[in-house]
Structure formats: structure tokens, C-alpha cells
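This is coords30.cif. It holds mmCIF, C-alpha atoms and all ligand atoms.
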data_start
#
loop_
_atom_site.group_PDB
_atom_site.id
_atom_site.type_symbol
_atom_site.label_atom_id
_atom_site.label_comp_id
_atom_site.auth_asym_id
_atom_site.auth_seq_id
_atom_site.Cartn_x
_atom_site.Cartn_y
_atom_site.Cartn_z
ATOM 1 C CA PRO W 4 148.191 163.556 72.030
ATOM 2 C CA LEU W 5 145.779 165.881 73.835
ATOM 3 C CA GLY W 6 142.451 164.236 73.076
ATOM 4 C CA ASN W 7 141.202 160.718 72.484
ATOM 5 C CA ASP W 8 141.466 160.787 68.752
ATOM 6 C CA ILE W 9 142.088 164.287 67.410
ATOM 7 C CA GLY W 10 144.281 166.942 69.047
ATOM 8 C CA ALA W 11 148.021 166.884 69.835
ATOM 9 C CA GLU W 12 150.717 169.257 71.042
ATOM 10 C CA ILE W 13 154.238 169.845 69.807
ATOM 11 C CA ILE W 14 156.812 171.184 72.255
ATOM 12 C CA GLY W 15 160.272 172.584 71.569
ATOM 13 C CA LEU W 16 159.948 174.212 68.143
ATOM 14 C CA ASP W 17 160.847 177.822 67.339
ATOM 15 C CA LEU W 18 158.837 179.294 64.468
ATOM 16 C CA ARG W 19 160.781 182.575 64.387
ATOM 17 C CA LYS W 20 163.135 180.864 61.924
ATOM 18 C CA PRO W 21 162.249 178.497 59.059
ATOM 19 C CA LEU W 22 161.920 174.843 60.086
ATOM 20 C CA SER W 23 164.128 172.375 58.224
ATOM 21 C CA ALA W 24 162.331 170.389 55.520
ATOM 22 C CA ALA W 25 162.535 167.229 57.641
ATOM 23 C CA VAL W 26 160.996 168.860 60.717
ATOM 24 C CA PHE W 27 158.314 170.556 58.660
ATOM 25 C CA GLU W 28 157.400 167.196 57.140
ATOM 26 C CA GLU W 29 156.874 165.782 60.625
ATOM 27 C CA VAL W 30 154.686 168.723 61.590
ATOM 28 C CA GLU W 31 152.522 168.274 58.504
ATOM 29 C CA ALA W 32 152.283 164.518 59.089
ATOM 30 C CA ALA W 33 151.144 165.246 62.664
ATOM 31 C CA LEU W 34 148.478 167.600 61.317
ATOM 32 C CA PHE W 35 147.035 164.882 59.097
ATOM 33 C CA LYS W 36 147.266 162.300 61.871
ATOM 34 C CA TYR W 37 145.708 164.401 64.661
ATOM 35 C CA ALA W 38 143.700 166.981 62.632
ATOM 36 C CA VAL W 39 144.352 169.670 65.309
ATOM 37 C CA ILE W 40 147.877 170.390 66.561
ATOM 38 C CA ALA W 41 149.195 173.012 68.953
ATOM 39 C CA ILE W 42 152.777 174.218 68.691
ATOM 40 C CA ARG W 43 153.350 175.637 72.155
ATOM 41 C CA LYS W 44 155.088 178.795 73.360
ATOM 42 C CA GLN W 45 155.592 180.771 70.141
ATOM 43 C CA ASP W 46 156.390 184.467 70.113
ATOM 44 C CA ILE W 47 155.986 185.359 66.426
ATOM 45 C CA ASP W 48 154.924 188.409 64.458
ATOM 46 C CA THR W 49 152.605 188.638 61.448
ATOM 47 C CA THR W 50 155.382 187.962 58.942
ATOM 48 C CA GLN W 51 156.712 184.958 60.843
ATOM 49 C CA LEU W 52 153.178 183.568 61.025
ATOM 50 C CA SER W 53 152.558 183.938 57.294
ATOM 51 C CA ASP W 54 156.029 182.614 56.408
ATOM 52 C CA PHE W 55 155.283 179.515 58.469
ATOM 53 C CA GLY W 56 151.772 179.240 56.973
ATOM 54 C CA ARG W 57 153.120 179.369 53.435
ATOM 55 C CA ARG W 58 155.081 176.174 54.077
ATOM 56 C CA PHE W 59 151.744 174.343 53.929
ATOM 57 C CA GLY W 60 150.701 175.997 50.657
ATOM 58 C CA PRO W 61 149.474 179.322 49.240
ATOM 59 C CA LEU W 62 147.665 181.516 51.774
ATOM 60 C CA GLN W 63 144.124 182.801 51.302
ATOM 61 C CA ILE W 64 142.549 186.195 51.798
ATOM 62 C CA SER W 65 139.358 186.190 53.839
ATOM 63 C CA GLY W 66 136.094 187.146 52.106
ATOM 64 C CA ARG W 67 135.685 189.975 54.556
ATOM 65 C CA ARG W 68 139.055 191.495 53.653
ATOM 66 C CA HIS W 69 138.795 191.486 49.873
ATOM 67 C CA SER W 70 135.189 192.627 49.843
ATOM 68 C CA LYS W 71 134.587 196.310 49.207
ATOM 69 C CA ASN W 72 132.182 196.131 52.090
ATOM 70 C CA LYS W 73 131.690 198.983 54.560
ATOM 71 C CA ASP W 74 132.333 196.509 57.342
ATOM 72 C CA SER W 75 136.036 196.309 56.553
ATOM 73 C CA GLU W 76 136.466 200.015 57.378
ATOM 74 C CA LYS W 77 135.301 199.435 60.943
ATOM 75 C CA ARG W 78 138.072 197.030 61.771
ATOM 76 C CA ILE W 79 141.778 197.289 62.396
ATOM 77 C CA GLN W 80 143.687 194.573 60.582
ATOM 78 C CA PRO W 81 147.372 193.776 60.026
ATOM 79 C CA ASP W 82 148.921 195.313 56.890
ATOM 80 C CA SER W 83 149.249 191.874 55.355
ATOM 81 C CA LEU W 84 145.985 190.797 53.697
ATOM 82 C CA GLU W 85 146.892 187.196 54.462
ATOM 83 C CA VAL W 86 146.733 187.667 58.233
ATOM 84 C CA ASN W 87 143.625 188.646 60.211
ATOM 85 C CA TYR W 88 143.056 189.440 63.834
ATOM 86 C CA ILE W 89 140.378 187.560 65.738
ATOM 87 C CA SER W 90 139.788 189.532 68.920
ATOM 88 C CA ASN W 91 137.369 191.166 71.318
ATOM 89 C CA VAL W 92 139.784 194.081 71.833
ATOM 90 C CA LYS W 93 138.752 197.565 70.725
ATOM 91 C CA VAL W 94 141.150 200.424 69.969
ATOM 92 C CA ASP W 95 139.603 203.909 69.675
ATOM 93 C CA GLY W 96 136.175 202.357 69.159
ATOM 94 C CA LYS W 97 137.378 200.133 66.336
ATOM 95 C CA ASN W 98 137.515 196.396 66.688
ATOM 96 C CA LEU W 99 140.834 194.679 66.279
ATOM 97 C CA GLY W 100 139.817 192.270 63.517
ATOM 98 C CA SER W 101 136.758 190.092 63.888
ATOM 99 C CA ASP W 102 134.986 189.758 67.233
ATOM 100 C CA ASP W 103 132.479 187.108 66.220
ATOM 101 C CA ALA W 104 134.410 184.390 64.370
ATOM 102 C CA GLY W 105 133.139 180.907 65.033
ATOM 103 C CA ARG W 106 129.665 181.575 66.452
ATOM 104 C CA TYR W 107 128.368 178.426 64.769
ATOM 105 C CA TRP W 108 129.961 175.087 63.940
ATOM 106 C CA HIS W 109 131.789 175.438 60.654
ATOM 107 C CA SER W 110 134.740 174.608 58.439
ATOM 108 C CA ASP W 111 136.715 177.698 57.418
ATOM 109 C CA LEU W 112 136.074 179.013 53.912
ATOM 110 C CA CYS W 113 133.623 176.225 53.029
ATOM 111 C CA TYR W 114 131.644 179.017 51.341
ATOM 112 C CA GLU W 115 134.480 179.581 48.864
ATOM 113 C CA THR W 116 134.933 177.575 45.669
ATOM 114 C CA ARG W 117 138.522 176.912 46.736
ATOM 115 C CA THR W 118 138.204 175.617 50.278
ATOM 116 C CA SER W 119 140.848 175.721 52.995
ATOM 117 C CA LYS W 120 143.406 173.029 53.696
ATOM 118 C CA ALA W 121 144.278 174.397 57.122
ATOM 119 C CA THR W 122 143.818 177.331 59.459
ATOM 120 C CA ILE W 123 146.602 178.593 61.708
ATOM 121 C CA LEU W 124 145.578 180.596 64.773
ATOM 122 C CA HIS W 125 148.212 182.104 67.057
ATOM 123 C CA ALA W 126 147.250 183.119 70.599
ATOM 124 C CA ILE W 127 148.838 186.488 71.395
ATOM 125 C CA GLU W 128 146.606 187.123 74.426
ATOM 126 C CA VAL W 129 144.226 184.684 76.109
ATOM 127 C CA PRO W 130 141.505 185.712 78.565
ATOM 128 C CA VAL W 131 142.494 184.609 82.092
ATOM 129 C CA LYS W 132 140.668 185.231 85.356
ATOM 130 C CA ASP W 133 141.596 183.722 88.729
ATOM 131 C CA GLY W 134 143.943 181.305 86.966
ATOM 132 C CA VAL W 135 141.215 180.012 84.646
ATOM 133 C CA VAL W 136 141.607 180.449 80.886
ATOM 134 C CA TYR W 137 138.438 181.206 78.902
ATOM 135 C CA GLY W 138 137.646 181.238 75.202
ATOM 136 C CA ALA W 139 138.412 177.601 74.341
ATOM 137 C CA THR W 140 137.940 176.467 70.749
ATOM 138 C CA GLN W 141 135.828 173.356 70.220
ATOM 139 C CA PHE W 142 136.503 170.819 67.482
ATOM 140 C CA THR W 143 134.625 167.827 66.120
ATOM 141 C CA ASP W 144 136.081 164.956 64.098
ATOM 142 C CA VAL W 145 133.992 164.806 60.917
ATOM 143 C CA ALA W 146 135.686 161.636 59.620
ATOM 144 C CA ALA W 147 134.762 159.751 62.805
ATOM 145 C CA ALA W 148 131.270 161.266 62.543
ATOM 146 C CA TYR W 149 130.926 159.959 58.992
ATOM 147 C CA ASP W 150 132.160 156.487 59.996
ATOM 148 C CA ALA W 151 129.569 156.327 62.793
ATOM 149 C CA LEU W 152 126.596 157.041 60.490
ATOM 150 C CA PRO W 153 124.111 154.236 59.935
ATOM 151 C CA GLY W 154 124.731 152.360 56.648
ATOM 152 C CA ASP W 155 121.477 153.519 55.041
ATOM 153 C CA VAL W 156 122.363 157.179 55.696
ATOM 154 C CA LYS W 157 125.805 156.690 54.130
ATOM 155 C CA ILE W 158 124.114 155.300 51.023
ATOM 156 C CA ARG W 159 121.678 158.207 50.966
ATOM 157 C CA LEU W 160 124.504 160.772 51.178
ATOM 158 C CA ALA W 161 126.607 159.286 48.373
ATOM 159 C CA GLY W 162 126.961 161.759 45.515
ATOM 160 C CA LEU W 163 124.928 164.569 47.144
ATOM 161 C CA MET W 164 126.067 168.171 46.747
ATOM 162 C CA ALA W 165 125.272 171.114 49.025
ATOM 163 C CA ALA W 166 125.303 174.924 48.738
ATOM 164 C CA ASN W 167 127.426 176.765 51.321
ATOM 165 C CA SER W 168 126.624 180.421 51.763
ATOM 166 C CA PHE W 169 128.563 183.277 53.335
ATOM 167 C CA ARG W 170 125.762 185.764 52.601
ATOM 168 C CA LEU W 171 123.172 183.697 54.409
ATOM 169 C CA MET W 172 125.362 183.574 57.522
ATOM 170 C CA TRP W 173 125.997 187.312 57.545
ATOM 171 C CA ASN W 174 122.490 188.546 58.261
ATOM 172 C CA ARG W 175 121.745 185.569 60.520
ATOM 173 C CA LYS W 176 124.631 186.652 62.792
ATOM 174 C CA ALA W 177 123.628 190.303 62.482
ATOM 175 C CA ARG W 178 120.089 189.515 63.687
ATOM 176 C CA GLN W 179 121.142 187.132 66.426
ATOM 177 C CA PHE W 180 124.120 188.975 67.891
ATOM 178 C CA GLY W 181 123.668 192.578 66.765
ATOM 179 C CA ASN W 182 127.421 193.072 66.492
ATOM 180 C CA ARG W 183 127.555 193.538 62.738
ATOM 181 C CA PRO W 184 125.335 195.564 60.426
ATOM 182 C CA LEU W 185 122.389 194.016 58.583
ATOM 183 C CA LEU W 186 123.336 194.265 54.917
ATOM 184 C CA SER W 187 121.174 194.909 51.884
ATOM 185 C CA GLU W 188 120.998 192.469 48.977
ATOM 186 C CA GLU W 189 123.279 194.797 47.056
ATOM 187 C CA GLU W 190 125.920 194.821 49.773
ATOM 188 C CA LEU W 191 125.666 191.054 50.221
ATOM 189 C CA SER W 192 126.222 190.592 46.514
ATOM 190 C CA LYS W 193 129.812 191.812 47.004
ATOM 191 C CA PHE W 194 130.573 188.658 48.973
ATOM 192 C CA PRO W 195 131.438 185.458 47.148
ATOM 193 C CA PRO W 196 128.534 183.583 45.511
ATOM 194 C CA ASP W 197 127.405 180.367 47.219
ATOM 195 C CA ALA W 198 129.844 177.485 46.782
ATOM 196 C CA ILE W 199 128.768 173.975 45.855
ATOM 197 C CA HIS W 200 130.637 171.139 47.574
ATOM 198 C CA PRO W 201 130.002 167.433 48.152
ATOM 199 C CA VAL W 202 128.143 166.544 51.367
ATOM 200 C CA VAL W 203 130.781 163.849 51.896
ATOM 201 C CA ARG W 204 134.349 164.625 50.849
ATOM 202 C CA SER W 205 137.220 162.187 50.543
ATOM 203 C CA HIS W 206 140.134 163.674 52.403
ATOM 204 C CA PRO W 207 142.863 164.527 49.846
ATOM 205 C CA VAL W 208 145.630 162.998 51.992
ATOM 206 C CA THR W 209 144.156 160.473 54.433
ATOM 207 C CA LYS W 210 141.441 159.420 51.930
ATOM 208 C CA ARG W 211 138.949 159.116 54.803
ATOM 209 C CA LYS W 212 135.374 160.168 54.128
ATOM 210 C CA CYS W 213 134.477 163.416 55.885
ATOM 211 C CA LEU W 214 131.094 165.060 56.468
ATOM 212 C CA TYR W 215 131.288 168.483 54.880
ATOM 213 C CA VAL W 216 128.019 170.178 55.810
ATOM 214 C CA CYS W 217 127.920 172.584 58.746
ATOM 215 C CA GLU W 218 125.300 174.574 60.610
ATOM 216 C CA GLY W 219 127.272 177.779 60.054
ATOM 217 C CA TYR W 220 127.160 177.922 56.274
ATOM 218 C CA THR W 221 125.376 175.019 54.602
ATOM 219 C CA ASP W 222 122.080 176.258 53.197
ATOM 220 C CA HIS W 223 120.589 173.378 51.254
ATOM 221 C CA ILE W 224 121.266 170.117 49.479
ATOM 222 C CA LEU W 225 120.968 170.331 45.726
ATOM 223 C CA ASP W 226 118.278 168.469 43.763
ATOM 224 C CA MET W 227 116.240 167.638 46.856
ATOM 225 C CA PRO W 228 112.838 168.984 48.016
ATOM 226 C CA GLU W 229 113.350 171.862 50.479
ATOM 227 C CA GLN W 230 111.822 170.200 53.537
ATOM 228 C CA GLU W 231 113.685 166.951 52.944
ATOM 229 C CA SER W 232 116.953 168.875 52.607
ATOM 230 C CA ARG W 233 116.283 170.793 55.810
ATOM 231 C CA ASP W 234 115.448 167.614 57.770
ATOM 232 C CA LEU W 235 118.516 165.779 56.502
ATOM 233 C CA LEU W 236 120.820 168.719 57.280
ATOM 234 C CA GLU W 237 119.327 169.111 60.749
ATOM 235 C CA PHE W 238 119.956 165.414 61.420
ATOM 236 C CA LEU W 239 123.571 165.753 60.251
ATOM 237 C CA PHE W 240 124.217 168.958 62.253
ATOM 238 C CA VAL W 241 123.142 167.189 65.454
ATOM 239 C CA HIS W 242 125.048 164.012 64.619
ATOM 240 C CA VAL W 243 128.352 165.632 63.678
ATOM 241 C CA ILE W 244 128.838 167.365 67.040
ATOM 242 C CA LYS W 245 128.156 164.410 69.340
ATOM 243 C CA ASP W 246 130.431 164.249 72.385
ATOM 244 C CA GLU W 247 132.339 161.197 71.219
ATOM 245 C CA PHE W 248 133.787 163.085 68.226
ATOM 246 C CA ARG W 249 134.886 166.157 70.152
ATOM 247 C CA TYR W 250 138.114 167.781 71.300
ATOM 248 C CA GLN W 251 138.169 171.102 73.127
ATOM 249 C CA HIS W 252 141.330 173.173 72.861
ATOM 250 C CA GLU W 253 142.179 175.009 76.077
ATOM 251 C CA TRP W 254 144.437 177.800 74.960
ATOM 252 C CA GLN W 255 147.832 178.720 76.352
ATOM 253 C CA GLN W 256 149.293 182.084 75.449
ATOM 254 C CA GLY W 257 151.752 181.484 72.573
ATOM 255 C CA ASP W 258 149.935 178.484 71.063
ATOM 256 C CA VAL W 259 150.087 178.179 67.304
ATOM 257 C CA LEU W 260 147.072 175.980 66.646
ATOM 258 C CA ILE W 261 146.721 174.372 63.232
ATOM 259 C CA TRP W 262 143.629 172.505 62.101
ATOM 260 C CA ASP W 263 142.667 170.529 59.036
ATOM 261 C CA ASN W 264 139.466 172.033 57.638
ATOM 262 C CA CYS W 265 138.456 168.822 55.843
ATOM 263 C CA ALA W 266 138.911 166.610 58.916
ATOM 264 C CA VAL W 267 137.295 168.817 61.588
ATOM 265 C CA GLN W 268 134.678 171.494 62.163
ATOM 266 C CA HIS W 269 135.098 174.039 64.935
ATOM 267 C CA LYS W 270 133.286 176.603 67.039
ATOM 268 C CA ALA W 271 134.403 179.337 69.422
ATOM 269 C CA THR W 272 133.309 179.619 73.071
ATOM 270 C CA PHE W 273 132.079 183.060 74.070
ATOM 271 C CA ASP W 274 132.429 182.710 77.843
ATOM 272 C CA TYR W 275 134.507 185.867 78.468
ATOM 273 C CA ALA W 276 134.001 189.604 78.013
ATOM 274 C CA PRO W 277 135.995 192.830 78.476
ATOM 275 C CA PRO W 278 138.025 193.676 80.473
ATOM 276 C CA LEU W 279 139.256 190.158 79.689
ATOM 277 C CA ARG W 280 141.162 190.353 76.424
ATOM 278 C CA ARG W 281 141.553 187.753 73.707
ATOM 279 C CA LEU W 282 143.791 188.453 70.728
ATOM 280 C CA MET W 283 144.623 185.946 67.997
ATOM 281 C CA GLN W 284 146.288 186.301 64.626
ATOM 282 C CA ARG W 285 145.232 183.929 61.901
ATOM 283 C CA CYS W 286 146.000 182.799 58.394
ATOM 284 C CA THR W 287 144.451 180.117 56.193
ATOM 285 C CA VAL W 288 146.087 177.843 53.648
ATOM 286 C CA GLN W 289 144.423 177.113 50.339
ATOM 287 C CA GLU W 290 143.146 173.616 49.651
ATOM 288 C CA ILE W 291 145.292 171.391 47.472
ATOM 289 C CA ALA W 292 144.412 171.951 43.786
ATOM 290 C CA GLY W 293 141.917 169.501 42.358
ATOM 291 C CA THR W 294 140.091 168.810 45.625
ATOM 292 C CA HIS W 295 136.875 170.506 46.578
HETATM 293 C C1 LIG V 301 138.526 181.045 63.199
HETATM 294 C C2 LIG V 301 137.619 180.652 64.286
HETATM 295 C C3 LIG V 301 137.474 180.332 66.671
HETATM 296 C C4 LIG V 301 138.071 180.908 67.910
HETATM 297 O O1 LIG V 301 139.476 181.797 63.460
HETATM 298 O O2 LIG V 301 138.318 180.592 62.066
HETATM 299 O O3 LIG V 301 136.589 180.093 64.017
HETATM 300 O O4 LIG V 301 137.942 180.258 68.972
HETATM 301 N N1 LIG V 301 138.039 180.918 65.525
HETATM 302 O O5 LIG V 301 138.655 181.992 67.831
HETATM 303 MN MN MN V 302 136.627 179.433 61.874
#
For the file at hand, write its structure as C-alpha cells.
Ligand code: OGA
Ligand code: MN
Amino acid sequence: PLGNDIGAEIIGLDLRKPLSAAVFEEVEAALFKYAVIAIRKQDIDTTQLSDFGRRFGPLQISGRRHSKNKDSEKRIQPDSLEVNYISNVKVDGKNLGSDDAGRYWHSDLCYETRTSKATILHAIEVPVKDGVVYGATQFTDVAAAYDALPGDVKIRLAGLMAANSFRLMWNRKARQFGNRPLLSEEELSKFPPDAIHPVVRSHPVTKRKCLYVCEGYTDHILDMPEQESRDLLEFLFVHVIKDEFRYQHEWQQGDVLIWDNCAVQHKATFDYAPPLRRLMQRCTVQEIAGTH
């Protein structure tokens, strides 16, 4: 274990070759137990990453990759559509993958109809200065956050559905950070339509109740007056990230970090800048069929 509740590390595996079924089963059990697990010291390429990822289930293609959006031309990505770079590194003026993933607290692909079971992020380069590593990834335990809600709030949340929107996030980031273009309605319409998911999900494996609204993508709660929806979401966004639910992952070069997108939300830390380099490769695993 690395944290109090969520977060653990696994030492001594080699992901360059397929894990035996028995070892893989232990890894997956650890993921559901700790929600965030780091397999240390891995030197793997794009294919080895996606081969490992596929052991958990079918891989997904990010909205940004399959869109016909102009944005995708400005980025260098691996040949495989299933793997993306997350990096602040530029090559010939082009960004290596996405340089602004995780600005807000979120669960990956919550804006898709088919959500994500897990994300796998492999640290190829981590930003280090004077022996200090920057660019940690922060996590919050949304099952513990649900459990800690007052009883009357739990009753109020039962059965509620919320709209999660990729389009809404796009121009918000563009305005706030200026590192992506503001898009017209027409361009935004090429991204997936808003996805409707329960405000509280039952985890498909652990069966724990998990808060599934996030500041990054959740726009409104359905069938509720606008102001009431905004107030309730604001309350939940503050609650879900309280210190007692948190784990912060301090990266080591070579970490393969896997997180459960139903059990945690996460956020990046932008406390480094060029010439410090951060380069990650990432894939996401599709949610188990039949769950939201
Ligand atoms: C992601 C993400 C955070 C980080 O890859 O989905 O949010 O710290 N990354 O890179
Ligand atoms: Mn993310």
C-alpha cells in the first residue's frame, strides 16, 4: 500500500512479456482493492502497453483521436489509435499528444456512453529538478466520499441522473488556459453528444456506491431546476475532493499506473514547465458491458 486507503505498488513484474493468467488475476484483484496501482520500473513500448491493457478488456479510442477535428492535426500521436501521448514536449512546434489532460477533477471518458473501466498511464519521462519529481497525479476515493455523505443527501441522490459533456469542457479549457483553439458549435458537434449517467453508480465489481459527478465534465442533473442542480453539484464537487479521501501519486520513471475510473477521480498537477519534460503513454479500457 502507498496511501491510507487507495493506492498501492507492485514490484518485480515484467510487462514486456504476457503475464500468466494467475499473476494477471492478482493484478486485477489489486486494482479493485486499491483503486490505483503502480507497477514499478517498466520499460515498454506502445504495443506492449496496449497488449497489457487488453488483458483488462477491449481498449477505447479517445474522443479527440476519432474526431475529424482540426485539433488532431496539431498533435503527434503513436500510430496505434488505442494509445495516446500525454506530454508537455514539443517536436517541430507540434505537441506530443495532449498537454492539458487532467486540468480539472474528472473520471476518464465519463462523457462517453460507454465509460472507462480503467486507465493505464506509463511514465516514459518524468520532470525532475534538483532531485525533486514534479507533475504528480492526484486521486480521490469516490466510494469513501459517497459513504461519508450525510444520510439525507444520500436519499436525495438516489436515482438521479446527470449529463456529462465533453463539448462544454473544451471551450472552458480553451478560455481558461489558451492552449487549445476555441471551437465553433459546428466543430464541437463532431465530438460525442453529452452522456447521461447516474449521479451514484454501484461499482460493477466491488458493488460499493460511487459518486460519479465531476467538476471537469458534469454539466447538470436531469429533471431538476437549474439553480438547484448547480448548487447540488457544487456541494458534491467540494465534498468529493476532501483531504481524507485523497491519494497523490508521486511518479517514478517507468511506472505503469492503473486506476479504476468508477472508484476514483483524478487531476494532474501543473507544477513544472519546459525545459523539464514529462512524457506519458496512455490507454483506456472499456467499461464492462451492462454497466454505465
Ligand atoms: C489522463 C490524465 C493526468 C496526469 O491521462 O487521463 O488525466 O497527471 N492524466 O497526466
Ligand atoms: Mn484523465
Pick from W:Ser168, W:Asn182, W:Ser101, W:Ser83: nearest to ligand MN 302 (chain V), with all atoms listed in the file counted?
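Of the candidates, the smallest distance to ligand MN 302 (chain V) is held by W:Ser101.
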Using the chain letters and numbers from the file, which residues does the PyMOL selection byres (((not hetatm)) within 6 of (chain V and resi 302)) grab, as a list in words?
Ala104, Gly105 and Asp111 of chain W
Could you tell me which residues the PyMOL selection byres (((chain W and resi 134-144) around 7) and not hetatm) returns for this structure, as a list of chain:residue names?
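Those residues are W:Ile9, W:Val129, W:Pro130, W:Val131, W:Lys132, W:Asp133, W:Val145, W:Ala146, W:Ala147, W:Ala148, W:Ile244, W:Phe248, W:Arg249, W:Tyr250, W:Gln251, W:His252, W:Glu253, W:Trp254, W:Ala266, W:Val267, W:Gln268, W:His269, W:Lys270, W:Ala271, W:Thr272, W:Phe273, W:Asp274, W:Tyr275.
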Between W:Ile79, W:Ile14, W:Cys286, W:Met172, single out the one closest to His125 of chain W, counting all atoms listed in the file.
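Comparing W:Ile79, W:Ile14, W:Cys286, W:Met172 against His125 of chain W, the winner is W:Cys286.
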Of the candidates W:Ser53, W:Asn7, W:Asn91, W:Thr287, which shows the shortest atom-to-atom distance to Glu247 of chain W, using all atoms listed in the file?
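Counting all atoms listed in the file, the residue closest to Glu247 of chain W is W:Asn7.
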When the PyMOL selection byres (((chain W and resi 36) around 10) and not hetatm) is applied to the file above, which residues end up in the set, as a ChimeraX atom specification?
/W:8-11,30-35,37-40,209,263,266
One decimal, Å: what's the distance from atom CA of Val259 of chain W over to atom CA of Ile42 of chain W, could you say?
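Between atom CA of Val259 of chain W and atom CA of Ile42 of chain W the gap is 5.0 Å.
Comparing the minimum interatomic distances between Lys176 of chain W and each of W:Cys265, W:Ala41, W:Leu279, W:Tyr220, counting all atoms listed in the file, we find that W:Tyr220 sits nearest.
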Which is closest to Gln255 of chain W among W:Lys210, W:Arg281, W:Arg204, W:Lys97, if we use all atoms listed in the file?
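Closest residue, counting all atoms listed in the file: W:Arg281.
Here the question is which of W:Glu189, W:Asp258, W:Asp103, W:Glu237 gets nearest to ligand LIG 301 (chain V) using all atoms listed in the file, and that residue is W:Asp103.
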Taking 3 positions as the minimum chain separation for residues in the same chain, which residues sit within 12 Å of Leu152 of chain W when counting all atoms listed in the file? Answer as a VMD selection string.
chain W and resid 145 to 149 155 to 160 203 212 to 214 238 to 239 241 to 243 245
To one decimal in Å, tell me the separation between atom CA of Pro201 of chain W and atom CA of Tyr215 of chain W.
6.9 Å
Around (125.8, 193.7, 59.0), as given in the file, which residues come within 10 Å? Count all atoms listed in the file and list them as a PyMOL selection string.
chain W and resi 72-74+173-178+181-187+190-191
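Around the coordinate (135.3, 178.1, 49.2), residues that reach within 10 Å when counting only C-alpha atoms are Gly66, Ser110, Asp111, Leu112, Cys113, Tyr114, Glu115, Thr116, Arg117, Thr118, Ser119, Asn167, Ser168, Phe169, Pro195, Pro196, Asp197, Ala198, Ile199, His200, Gln289, Glu290 and His295 of chain W.
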Axis-aligned box for ligand LIG 301 (chain V), 6 Å per side, centre and edges in Å as JSON:
{"center_x": 138.0, "center_y": 181.0, "center_z": 65.5, "size_x": 14.9, "size_y": 13.9, "size_z": 18.9}
To one decimal place in Å, what is the distance between atom CA of Val208 of chain W and atom CA of Phe59 of chain W?
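That distance, rounded to one decimal, is 13.0 Å.
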Selection near Leu84 of chain W, 9 Å with only C-alpha atoms, sequence-local residues under 4 positions removed, as a compact mmCIF listing (two decimals) with C-alpha atoms, keeping the file's coordinate frame:
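Produced file selection-v7.txt, reproduced below:
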# COMPACT_ATOMS: atom_id res chain seq x y z
CA GLN W 63 144.12 182.80 51.30
CA ILE W 64 142.55 186.20 51.80
CA SER W 65 139.36 186.19 53.84
CA ARG W 68 139.06 191.50 53.65
CA HIS W 69 138.79 191.49 49.87
CA GLN W 80 143.69 194.57 60.58
Could you name the residues that touch Asp226 of chain W at 10 Å or less, counting only C-alpha atoms, but leaving out those on the same chain fewer than 3 positions away, as a ChimeraX atom specification?
/W:163-165,223,229,232
